[in-house]
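Quick notes on the structure that follows.
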There are 2 protein chains.
Amino acid sequence: MSRRIVLSHPPVIAAAASAVGGKEAEGPLGGCFDYHDPTDRFGKDTFEKAESELQHITMNLLLQKAHIREGDIDLLLAGDLLNQCTASAYGLLPFNRPYLGLYGACSTSAEGLALASLLLSGGAANTAAVVVSSHYASAERQFRYPLEYGGQRTPTAQWTVTGSGAFYLRREGSAAMPAITEVAIGKIVTGGIRDLCNMGAAMAPAAFDTLQSYFRESGGSPADFDGIFTGDLGFEGHAILSELLESAGYPAPNLGDCGLLVYDRERQDMHAGGSGCGCSASVLAGYLLPKLQSGALRRILFLATGALMSPGSVWQGGSIPGIAHLLRIESRAKEA
Amino acid sequence: MSRRIVLSHPPVIAAAASAVGGKEAEGPLGGCFDYHDPTDRFGKDTFEKAESELQHITMNLLLQKAHIREGDIDLLLAGDLLNQCTASAYGLLPFNRPYLGLYGACSTSAEGLALASLLLSGGAANTAAVVVSSHYASAERQFRYPLEYGGQRTPTAQWTVTGSGAFYLRREGSAAMPAITEVAIGKIVTGGIRDLCNMGAAMAPAAFDTLQSYFRESGGSPADFDGIFTGDLGFEGHAILSELLESAGYPAPNLGDCGLLVYDRERQDMHAGGSGCGCSASVLAGYLLPKLQSGALRRILFLATGALMSPGSVWQGGSIPGIAHLLRIESRAKEA
């Protein structure tokens with residue numbers, strides 16, 4: 001079977017919501033998000049509880065924006081970066097919906113949206129919600145050092161986005177809502193990187209693998225799209241992916257990255273850019289989907305990338321495995 | 001929408017494989033598993049690498065038993081208990097298939113099989129493999145204490161199974177293969193338990209929630225089945241679930257539990273029984289599916305339960321959230 005799956009019954013993204021922390025609100029997309037807390041605490045006394053609350057808030061915003069009650073959601077798909085994905089389990093517990101937990105690291109937004117699309121297109125459910133999050137402080141102490149340690153950041157290090165995105169998908173929707181028309185599920189790919197502060201280089205080969213296979217199978221090229229948006233390759237990974245695509249005969253001047261969009265790299269001193277499940281999710285929900293709704297973007301590829309290591313697996317000598325899932329999202333807005 | 005989903009095109013479980021460690025091989029089902037390593041090391045120098053190798057071995061066994069090559073697998077769904085699910089990411093990397101990472105704690109076997117069933121039934125793919133694992137030593141040091149600490153086990157503590165199960169599902173199969181005909185996706189349920197050494201009590205309310213909803217929606221009762229097999233409630237959780245079902249008007253003398261089947265509780269001194277993703281997966285693959293193939297069992301409910309906490313979430317005061325996904329599996333063997 002080809003990896004590219006053309007959905008026989010493309011579901012629509014009927015609504016999306018986003019909530020972020022202070023640095024994200026101060027960034028170039030600050031005005032796009034539905035909610036922010038400048039303290040990054042979201043009213044909680046630990047960063048892990050704050051991340052759960054962030055999902056809880058985003059899901060409540062989604063219900064409001066979609067004008068639905070929680071019972072209107074047939075399936076809930078969610079994930080995050082914390083050990084055992086506890087931000088999702090605790091944050092979404094109050095909603096009492098059939099729940100499918102995912103682990104795709106920073107690719108979880110695209111993994112969840114791809115799975116939900118396949119389930120809705122195939123008739124397993126009529127509606128689904130996808131919720132993911134990441135939090136700078138909970139991720140730093142879990143994957144690198146506690147913030148109190150004051151470790152120096154290397155130039156290739158990315159900044160985990162404190163943010164969450166939530167999406168409400170419907171099998172049937174109004175003609176104006178953006179639709180997910182194709183998906184491609186990623187393979188696990190490793191380029192041999194062992195540096196926990198260079199996720200972009202670790203994930204770029206996976207993004208290349210999925211994109212190249214998609215273009216080969218579809219017979220298309222980057223020029224067919226208004227934009228190709230990776231999740232969080234950041235400055236380093238973005239440069240690598242651009243080179244890989246160019247050398248494979250798929251030059252992509254329209255290649256963007258949510259990790260480069262979310263912060264002002266110079267003004268905010270963010271080193272290689274943003275990362276985390278919440279990076280691609282909040283940028284898709286707050287920035288890209290409104291452009292697809294209005295018709296300012298008509299056809300994009302969205303490709304969230306994940307690094308599937310743990311600190312322990314790298315300490316034990318493993319290289320960092322990457323993965324990238326792809327969605328083709330199309331605007332249904334009337335042409336101006 | 002009802003939580004019970006009757007599959008319009010029930011996929012078959014065309015093959016299954018299992019591999020386990022020493023204690024499991026010495027247990028009452030020892031002869032049922034395809035492979036075991038009495039050292040629990042699987043040729044590796046750390047327990048985490050051993051768990052990856054366990055998945056790798058089980059997947060190879062699956063390919064052999066199904067008489068397929070890895071390219072015959074359209075979608076690979078996998079998960080485990082390790083932080084960031086690294087047993088799956090590293091163990092399955094060599095197979096180079098489109099990969100969907102799941103986190104459902106010990107419910108992952110049923111979560112993966114339910115998702116694969118929905119995807120195949122809906123036409124998203126023609127074949128899928130589901131692989132999960134757990135390892136006693138990697139789980140103990142991650143969730144409780146390193147083994148070297150020599151901590152005393154409490155009477156309600158369960159023993160994480162060193163084991164893996166792998167399943168090959170096909171949308172079309174021969175008439176003799178067991179079929180997954182219905183699924184029900186679990187909700188996150190917490191009964192307020194905070195004891196990391198009493199998972200059975202933490203997960204029993206989730207199993208009850210899914211079962212009660214299934215019987216209500218289907219109009220059926222436990223007597224309709226040759227057996228109802230939970231994943232790893234163990235002695236404590238099994239007793240609680242039995243009582244809950246009885247008091248709700250669904251007495252179930254045919255209620256079994258993979259965690260009670262896998263060890264000889266007295267002879268092996270296993271306290272409350274087995275647990276872990278690998279418990280339900282290896283027992284389903286090695287013991288239950290052959291009985292469904294032969295027709296010795298004709299119709300069962302399989303219900304793996306997961307506890308969605310992390311040690312950190314409990315240290316921060318959270319109670320343990322549980323979840324249980326249900327499958328109805330039917331024999332297609334000719335009646336004797």
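Ligands are numbered from 1 in the order shown, residues from 1 within each chain, and chains are lettered A, B, ... in the order they appear in the structure tokens.
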
Surrounding residues of stretch 110-123 of chain B excluding itself and chain neighbours under 3 positions, 7 Å, only C-alpha atoms, as a tab-separated table (two decimals) with C-alpha atoms, in the first residue's frame:
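The result, stored in selection_12.tsv:
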```tsv
chain	number	residue	atom	x	y	z
A	118	LEU	CA	-8.84	8.26	9.00
A	119	LEU	CA	-11.34	7.26	11.70
A	122	GLY	CA	-13.93	5.49	7.52
A	123	GLY	CA	-17.10	6.03	9.51
A	124	ALA	CA	-15.84	4.94	12.95
B	7	LEU	CA	-17.56	-2.99	13.07
B	8	SER	CA	-19.17	-2.91	9.64
B	9	HIS	CA	-16.29	-4.93	8.21
B	10	PRO	CA	-14.78	-6.98	11.09
B	11	PRO	CA	-11.06	-7.54	10.56
B	77	LEU	CA	0.70	0.55	16.00
B	78	ALA	CA	2.78	0.16	19.13
B	104	GLY	CA	-2.46	3.68	27.02
B	107	SER	CA	-4.42	-0.86	28.13
B	126	ASN	CA	-5.68	-3.51	4.41
B	127	THR	CA	-3.32	-4.82	7.09
B	128	ALA	CA	-1.94	-3.65	10.42
B	130	VAL	CA	0.02	-4.13	16.81
B	171	ARG	CA	-9.24	-6.54	6.54
B	180	ILE	CA	-12.81	-8.52	16.10
B	183	VAL	CA	-14.94	-2.35	20.11
B	303	LEU	CA	-10.68	-5.68	28.10
B	304	ALA	CA	-7.20	-4.35	28.81
B	325	HIS	CA	-10.76	-0.47	26.13
B	326	LEU	CA	-12.93	-3.41	25.10
B	327	LEU	CA	-12.87	-5.82	22.16
```

- Item | Residues within 10 Å of A:Ala139, only C-alpha atoms, excluding chain neighbours under 2 positions, as an MDAnalysis selection string | chainID A and resid 47:48 51 80:83 134:137 141:147 159:162 276

Residues of chain B that approach chain A to 7 Å or less, counting only C-alpha atoms: could you list each one with the shortest pair of atoms and its distance in Å to one decimal, rows by chain and increasing residue number, as a tab-separated table?
```
residue	atom	partner	partner_atom	distance
B:Met1	CA	A:Asp74	CA	6.1
B:Asp74	CA	A:Met1	CA	6.1
B:Asn83	CA	A:Asn83	CA	4.9
B:Gln84	CA	A:Ser310	CA	5.6
B:Thr86	CA	A:Met309	CA	6.1
B:Ala89	CA	A:Leu308	CA	6.3
B:Leu93	CA	A:Ile188	CA	5.6
B:Asn96	CA	A:Lys187	CA	5.9
B:Arg97	CA	A:Lys187	CA	5.5
B:Pro98	CA	A:Lys187	CA	4.5
B:Tyr99	CA	A:Lys187	CA	5.5
B:Gly101	CA	A:Tyr103	CA	5.0
B:Leu102	CA	A:Leu102	CA	4.2
B:Tyr103	CA	A:Gly101	CA	5.0
B:Gly104	CA	A:Gly101	CA	5.5
B:Leu118	CA	A:Ala124	CA	6.1
B:Leu119	CA	A:Leu119	CA	6.2
B:Gly122	CA	A:Gly122	CA	3.8
B:Gly123	CA	A:Gly122	CA	6.1
B:Ala124	CA	A:Leu118	CA	6.1
B:Ile185	CA	A:Pro98	CA	5.2
B:Gly186	CA	A:Pro98	CA	5.1
B:Lys187	CA	A:Pro98	CA	4.5
B:Ile188	CA	A:Leu93	CA	5.6
B:Leu308	CA	A:Ala89	CA	6.3
B:Met309	CA	A:Thr86	CA	6.1
B:Ser310	CA	A:Gln84	CA	5.6
```

- For each of B:Ser133, B:Asp209, B:Ala50, B:His67, take the minimum atom-to-atom distance to B:Ser164, counting only C-alpha atoms, then give the residue where this is smallest.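 The closest residue to B:Ser164 is B:Ser133.
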
- If you measure from atom CA of A:Pro28 to atom CA of A:Pro251, what distance in Å do you get, rounded to one decimal? 26.7 Å

- Note on the structure: Shortest contact to B:Ala202, candidates B:Ala281, B:Ala179, B:Val12, B:Ile240, atoms counted only C-alpha atoms, goes to B:Ile240

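Distance annotation: of B:Val314, B:Leu261, B:Ala239, B:Ala223, the residue with the minimal separation from B:Arg299 is B:Ala223; atom set is only C-alpha atoms.
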
- Message: Here is a test: counting only C-alpha atoms, which residue of B:Ser280, B:Ser174, B:Thr181, B:Gln212 is nearest to B:Val131?
- Response: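 Looking at the shortest contact to B:Val131, the residue is B:Ser280.
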